[in-house]
Amino acid sequence: MKKIFLFVACASLMVMGAKAQTVEELFKAGKAEFERYDKLFGEYTLAHGQNPDAPDATIGERATALMNGFDMLQKALPLDTIIEYNKDGSPKIDKKTGKPKFKTKYSKDIVALLSGHINDVLNVGNAGLMGNDYATSFKAFKFFSQLVGSSLTEGVQFEQATLADVAFYEGYSAYQLKDFDGAYKAFKNAISKGYTENQVEDFKNSCLANMIQGFCDAKDYGKAISYIDNAISEDANNALLYDMKGFIVEQKDGLAAAEQYYAKATEVDATFPNGFFDLGRVIYDKAEKIIEDNPKATNADLKPKLVPLYDQALPLFKKAHELDPKSEKTQSKRFIEDIEYKLELLK
């Protein structure tokens, strides 16, 4: 995993939301949290300025202070409105907007504090990533992605490559925490922004596979199918997704019910070995069931039923083995040897 150091432009920030606290309380608390972050960061920089890769024992505390500061000041900003009144007690009306006139007391300072610390979100994310503190790096990178997608950074021009990097490392951090749903969403976001490095597609598919396995283990097949159908709707030419759906249906309704999805995987991508292997399993299983259901039948009795199935399954396993040879002891190779042996017996 490569190391990254991200730097982005800052700009005036706007509003998000608020709780039932006074603007003064929120402003003071948010400012204090940023000051705590600045103090901790200053101490770390002073101690490790010549060694930026040194262990960072305060990264978790810094991240908490920074996120708290953002949270409180974002809530304070929309509350910082002091309505202007006429002598008779009625609010003064702005002739242009038709709304009451107001002035602010803390907004200028709030905007300055928020603008001055946006880069620190990425610094915290990088520090967490370098120290394998994935809980911190995930929190920071996700928070930054949310900032970029909100009105807080309206008008700020970010480099697309920077945003793609942030999304990938958000996903990578979530993946290390086994938050496969969060990682899947972040990897999709990175890919949508043009990210192609660090096997991002494999990471995304692994997340989906882990989620589906979890749903199947819990016998929540409806949720598993919902996830895979949504993925297929976004990427209808991905053979792996049809193979995954086949796996879900196989767990739920048996191997025969999954045949159409394994077949679809081979149609979508003639270079995808799992599709051929799984379709081969379906055909081979049909032959096995015939043998099981006819324990007293002779080879002569079984031949007309089994040979067509083996003739259909054999090239599927050969194709799977050709596409993914690995070694002489792959599963495909064992099926090939078994079918060839049985065809000899049936001659």
# chains A, B, ... in the order shown; residues from 1 in each chain; ligands from 1
call {"tool": "residues_around", "arguments": {"residues": "A:Phe141", "least_positions_apart": "2", "cutoff": "8 Å", "atoms": "only C-alpha atoms", "output": "PyMOL selection string"}}
result
chain A and resi 121-122+125+137-139+143-145+166-167+169-170
call {"tool": "residues_around", "arguments": {"residues": "A:Phe180", "least_positions_apart": "3", "cutoff": "8 Å", "atoms": "only C-alpha atoms", "output": "PyMOL selection string"}}
result
chain A and resi 174-175+183-184+207-208+210-211
call {"tool": "residues_around", "arguments": {"residues": "stretch 293-301 of chain A", "least_positions_apart": "3", "cutoff": "8 Å", "atoms": "only C-alpha atoms", "output": "MDAnalysis selection string"}}
result
chainID A and resid 289:290 304 345:346
call {"tool": "atom_distance", "arguments": {"atom1": "atom CA of A:Leu66", "atom2": "atom CA of A:Glu43"}}
result
15.3 Å
call {"tool": "select_by_dssp", "arguments": {"residues": "stretch 17-237 of chain A", "states": "helix (DSSP H, G or I)", "output": "tab-separated table (two decimals) with C-alpha atoms, in the first residue's frame"}}
result
chain	number	residue	atom	x	y	z
A	23	VAL	CA	-24.41	29.82	19.54
A	24	GLU	CA	-22.04	31.14	22.20
A	25	GLU	CA	-21.82	27.76	23.94
A	26	LEU	CA	-21.22	25.93	20.69
A	27	PHE	CA	-18.68	28.48	19.47
A	28	LYS	CA	-16.65	28.36	22.67
A	29	ALA	CA	-16.73	24.57	22.84
A	30	GLY	CA	-15.82	24.16	19.17
A	31	LYS	CA	-13.01	26.67	19.43
A	32	ALA	CA	-11.66	24.89	22.51
A	33	GLU	CA	-11.64	21.56	20.63
A	34	PHE	CA	-9.73	23.06	17.73
A	35	GLU	CA	-7.27	24.60	20.19
A	36	ARG	CA	-6.83	21.19	21.79
A	37	TYR	CA	-6.14	19.70	18.37
A	38	ASP	CA	-3.66	22.48	17.50
A	39	LYS	CA	-1.81	22.01	20.80
A	40	LEU	CA	-1.52	18.22	20.35
A	41	PHE	CA	-0.46	18.58	16.73
A	42	GLY	CA	2.12	21.20	17.65
A	43	GLU	CA	3.58	18.94	20.33
A	44	TYR	CA	3.76	16.00	17.95
A	45	THR	CA	5.36	18.08	15.19
A	46	LEU	CA	7.92	19.50	17.60
A	47	ALA	CA	8.85	16.05	18.85
A	48	HIS	CA	8.83	14.25	15.49
A	59	ILE	CA	-3.58	10.56	16.75
A	60	GLY	CA	-6.81	9.18	18.24
A	61	GLU	CA	-7.16	12.11	20.65
A	62	ARG	CA	-6.34	14.61	17.90
A	63	ALA	CA	-8.92	13.08	15.60
A	64	THR	CA	-11.59	13.28	18.30
A	65	ALA	CA	-10.80	16.91	19.05
A	66	LEU	CA	-10.84	17.84	15.37
A	67	MET	CA	-14.13	16.10	14.60
A	68	ASN	CA	-15.71	17.58	17.73
A	69	GLY	CA	-14.59	21.04	16.70
A	70	PHE	CA	-16.11	20.67	13.25
A	71	ASP	CA	-19.34	19.28	14.66
A	72	MET	CA	-19.85	22.08	17.17
A	73	LEU	CA	-18.91	24.95	14.90
A	74	GLN	CA	-21.04	23.65	12.04
A	75	LYS	CA	-23.98	23.62	14.44
A	76	ALA	CA	-23.14	27.10	15.75
A	77	LEU	CA	-23.01	28.81	12.36
A	78	PRO	CA	-26.73	28.79	11.47
A	79	LEU	CA	-27.62	29.88	15.01
A	107	SER	CA	-19.83	33.79	12.01
A	108	LYS	CA	-16.62	35.42	10.79
A	109	ASP	CA	-14.56	33.63	13.45
A	110	ILE	CA	-16.40	30.35	12.90
A	111	VAL	CA	-15.73	30.40	9.16
A	112	ALA	CA	-12.07	31.19	9.75
A	113	LEU	CA	-11.70	28.28	12.19
A	114	LEU	CA	-13.43	25.81	9.89
A	115	SER	CA	-11.50	26.95	6.82
A	116	GLY	CA	-8.23	26.81	8.70
A	117	HIS	CA	-8.70	23.19	9.75
A	118	ILE	CA	-10.07	21.44	6.69
A	119	ASN	CA	-6.59	20.26	5.63
A	120	ASP	CA	-6.11	18.83	9.11
A	121	VAL	CA	-8.87	16.30	8.43
A	122	LEU	CA	-6.66	14.78	5.74
A	123	ASN	CA	-3.57	15.06	7.93
A	124	VAL	CA	-5.35	13.05	10.62
A	125	GLY	CA	-6.48	10.50	8.05
A	126	ASN	CA	-2.96	10.08	6.73
A	127	ALA	CA	-1.50	9.77	10.23
A	128	GLY	CA	-4.05	7.12	11.13
A	129	LEU	CA	-3.34	5.22	7.92
A	130	MET	CA	0.42	5.30	8.39
A	134	TYR	CA	-7.76	2.34	10.71
A	135	ALA	CA	-10.61	3.48	12.94
A	136	THR	CA	-9.11	6.97	12.91
A	137	SER	CA	-8.22	7.02	9.21
A	138	PHE	CA	-11.68	5.77	8.24
A	139	LYS	CA	-13.40	8.38	10.38
A	140	ALA	CA	-11.27	11.20	8.97
A	141	PHE	CA	-11.42	10.23	5.30
A	142	LYS	CA	-15.17	9.56	5.47
A	143	PHE	CA	-15.70	12.90	7.19
A	144	PHE	CA	-13.68	14.68	4.52
A	145	SER	CA	-15.68	13.00	1.75
A	146	GLN	CA	-18.88	14.19	3.44
A	147	LEU	CA	-17.52	17.71	3.68
A	148	VAL	CA	-16.77	17.75	-0.03
A	151	SER	CA	-22.66	22.89	1.03
A	152	LEU	CA	-19.77	23.46	3.42
A	153	THR	CA	-17.31	23.32	0.54
A	160	GLN	CA	-10.42	14.81	-8.81
A	161	ALA	CA	-7.38	12.61	-8.17
A	162	THR	CA	-7.26	13.81	-4.57
A	163	LEU	CA	-10.94	13.02	-4.03
A	164	ALA	CA	-10.46	9.59	-5.60
A	165	ASP	CA	-7.49	8.89	-3.32
A	166	VAL	CA	-9.49	9.93	-0.27
A	167	ALA	CA	-12.37	7.64	-1.26
A	168	PHE	CA	-10.04	4.69	-1.82
A	169	TYR	CA	-8.28	5.05	1.52
A	170	GLU	CA	-11.62	5.53	3.25
A	171	GLY	CA	-12.60	2.18	1.75
A	172	TYR	CA	-9.26	0.57	2.56
A	173	SER	CA	-9.55	1.66	6.20
A	174	ALA	CA	-13.11	0.33	6.44
A	175	TYR	CA	-11.99	-2.94	4.84
A	176	GLN	CA	-9.33	-3.42	7.51
A	180	PHE	CA	-17.51	-4.33	4.28
A	181	ASP	CA	-20.63	-2.26	3.61
A	182	GLY	CA	-18.81	1.01	4.32
A	183	ALA	CA	-15.79	-0.16	2.34
A	184	TYR	CA	-17.94	-1.22	-0.63
A	185	LYS	CA	-19.57	2.20	-0.84
A	186	ALA	CA	-16.23	3.99	-0.58
A	187	PHE	CA	-14.57	1.83	-3.24
A	188	LYS	CA	-17.52	2.45	-5.58
A	189	ASN	CA	-17.09	6.16	-4.95
A	190	ALA	CA	-13.37	5.95	-5.71
A	191	ILE	CA	-14.00	4.06	-8.96
A	192	SER	CA	-16.64	6.60	-10.01
A	200	VAL	CA	-9.61	-1.34	-6.21
A	201	GLU	CA	-12.00	-3.50	-8.27
A	202	ASP	CA	-10.83	-6.62	-6.43
A	203	PHE	CA	-11.32	-4.86	-3.09
A	204	LYS	CA	-14.84	-3.82	-4.10
A	205	ASN	CA	-15.76	-7.33	-5.22
A	206	SER	CA	-14.29	-8.83	-2.07
A	207	CYS	CA	-16.48	-6.53	0.02
A	208	LEU	CA	-19.58	-7.64	-1.86
A	209	ALA	CA	-18.61	-11.30	-1.54
A	210	ASN	CA	-18.05	-10.93	2.21
A	211	MET	CA	-21.42	-9.23	2.69
A	212	ILE	CA	-23.23	-11.86	0.66
A	213	GLN	CA	-21.51	-14.67	2.55
A	214	GLY	CA	-22.61	-13.08	5.80
A	215	PHE	CA	-26.22	-12.80	4.63
A	216	CYS	CA	-26.22	-16.41	3.43
A	217	ASP	CA	-24.69	-17.63	6.69
A	221	TYR	CA	-31.24	-14.66	1.31
A	222	GLY	CA	-33.63	-11.84	0.52
A	223	LYS	CA	-31.08	-9.25	1.58
A	224	ALA	CA	-28.29	-11.05	-0.25
A	225	ILE	CA	-30.33	-11.09	-3.48
A	226	SER	CA	-31.26	-7.44	-3.02
A	227	TYR	CA	-27.58	-6.48	-2.75
A	228	ILE	CA	-26.50	-8.53	-5.75
A	229	ASP	CA	-29.42	-7.39	-7.92
A	230	ASN	CA	-28.55	-3.78	-7.15
A	231	ALA	CA	-24.92	-4.45	-8.10
A	232	ILE	CA	-26.00	-6.13	-11.36
A	233	SER	CA	-28.24	-3.18	-12.22
A	234	GLU	CA	-25.16	-0.95	-12.01
call {"tool": "atom_distance", "arguments": {"atom1": "atom CA of A:Lys303", "atom2": "atom CA of A:Lys342"}}
result
10.0 Å
call {"tool": "residues_around", "arguments": {"residues": "stretch 236-241 of chain A", "least_positions_apart": "2", "cutoff": "6 Å", "atoms": "only C-alpha atoms", "output": "PyMOL selection string"}}
result
chain A and resi 232-233+243-244+265+268-269
call {"tool": "write_last_selection", "arguments": {"atoms": "C-alpha atoms", "output": "mmCIF file, in the first residue's frame"}}
result
data_model
loop_
_atom_site.group_PDB
_atom_site.id
_atom_site.type_symbol
_atom_site.label_atom_id
_atom_site.label_comp_id
_atom_site.auth_asym_id
_atom_site.auth_seq_id
_atom_site.Cartn_x
_atom_site.Cartn_y
_atom_site.Cartn_z
ATOM 1 C CA ILE A 232 -25.995 -6.132 -11.355
ATOM 2 C CA SER A 233 -28.237 -3.181 -12.223
ATOM 3 C CA ASP A 243 -21.768 -16.036 -10.398
ATOM 4 C CA MET A 244 -22.371 -14.520 -6.969
ATOM 5 C CA ALA A 265 -21.761 -15.641 -16.221
ATOM 6 C CA VAL A 268 -21.185 -12.346 -20.221
ATOM 7 C CA ASP A 269 -17.470 -13.178 -20.001
#
call {"tool": "residues_around", "arguments": {"residues": "A:Thr81", "least_positions_apart": "2", "cutoff": "8 Å", "atoms": "only C-alpha atoms", "output": "count of residues only"}}
result
7
call {"tool": "select_by_dssp", "arguments": {"residues": "stretch 21-201 of chain A", "states": "strand (DSSP E or B)", "output": "MDAnalysis selection string"}}
result
chainID A and resid 82:83 85 91 93 100 102:103
call {"tool": "residues_around", "arguments": {"residues": "A:Gly254", "least_positions_apart": "4", "cutoff": "12 Å", "atoms": "only C-alpha atoms", "output": "NGL selection string"}}
result
:A and (246-250 or 258-259 or 281-282 or 285-286)
call {"tool": "residues_around", "arguments": {"residues": "A:Phe277", "least_positions_apart": "3", "cutoff": "6 Å", "atoms": "only C-alpha atoms", "output": "list in words"}}
result
Asn274, Gly280, Phe317 and Ala320 of chain A
call {"tool": "atom_distance", "arguments": {"atom1": "atom CA of A:Asp324", "atom2": "atom CA of A:Thr266"}}
result
14.3 Å
call {"tool": "closest_residue", "arguments": {"among": "A:Thr330, A:Glu84, A:Asp133, A:Asp235", "to": "A:Ala57", "atoms": "only C-alpha atoms"}}
result
A:Asp133
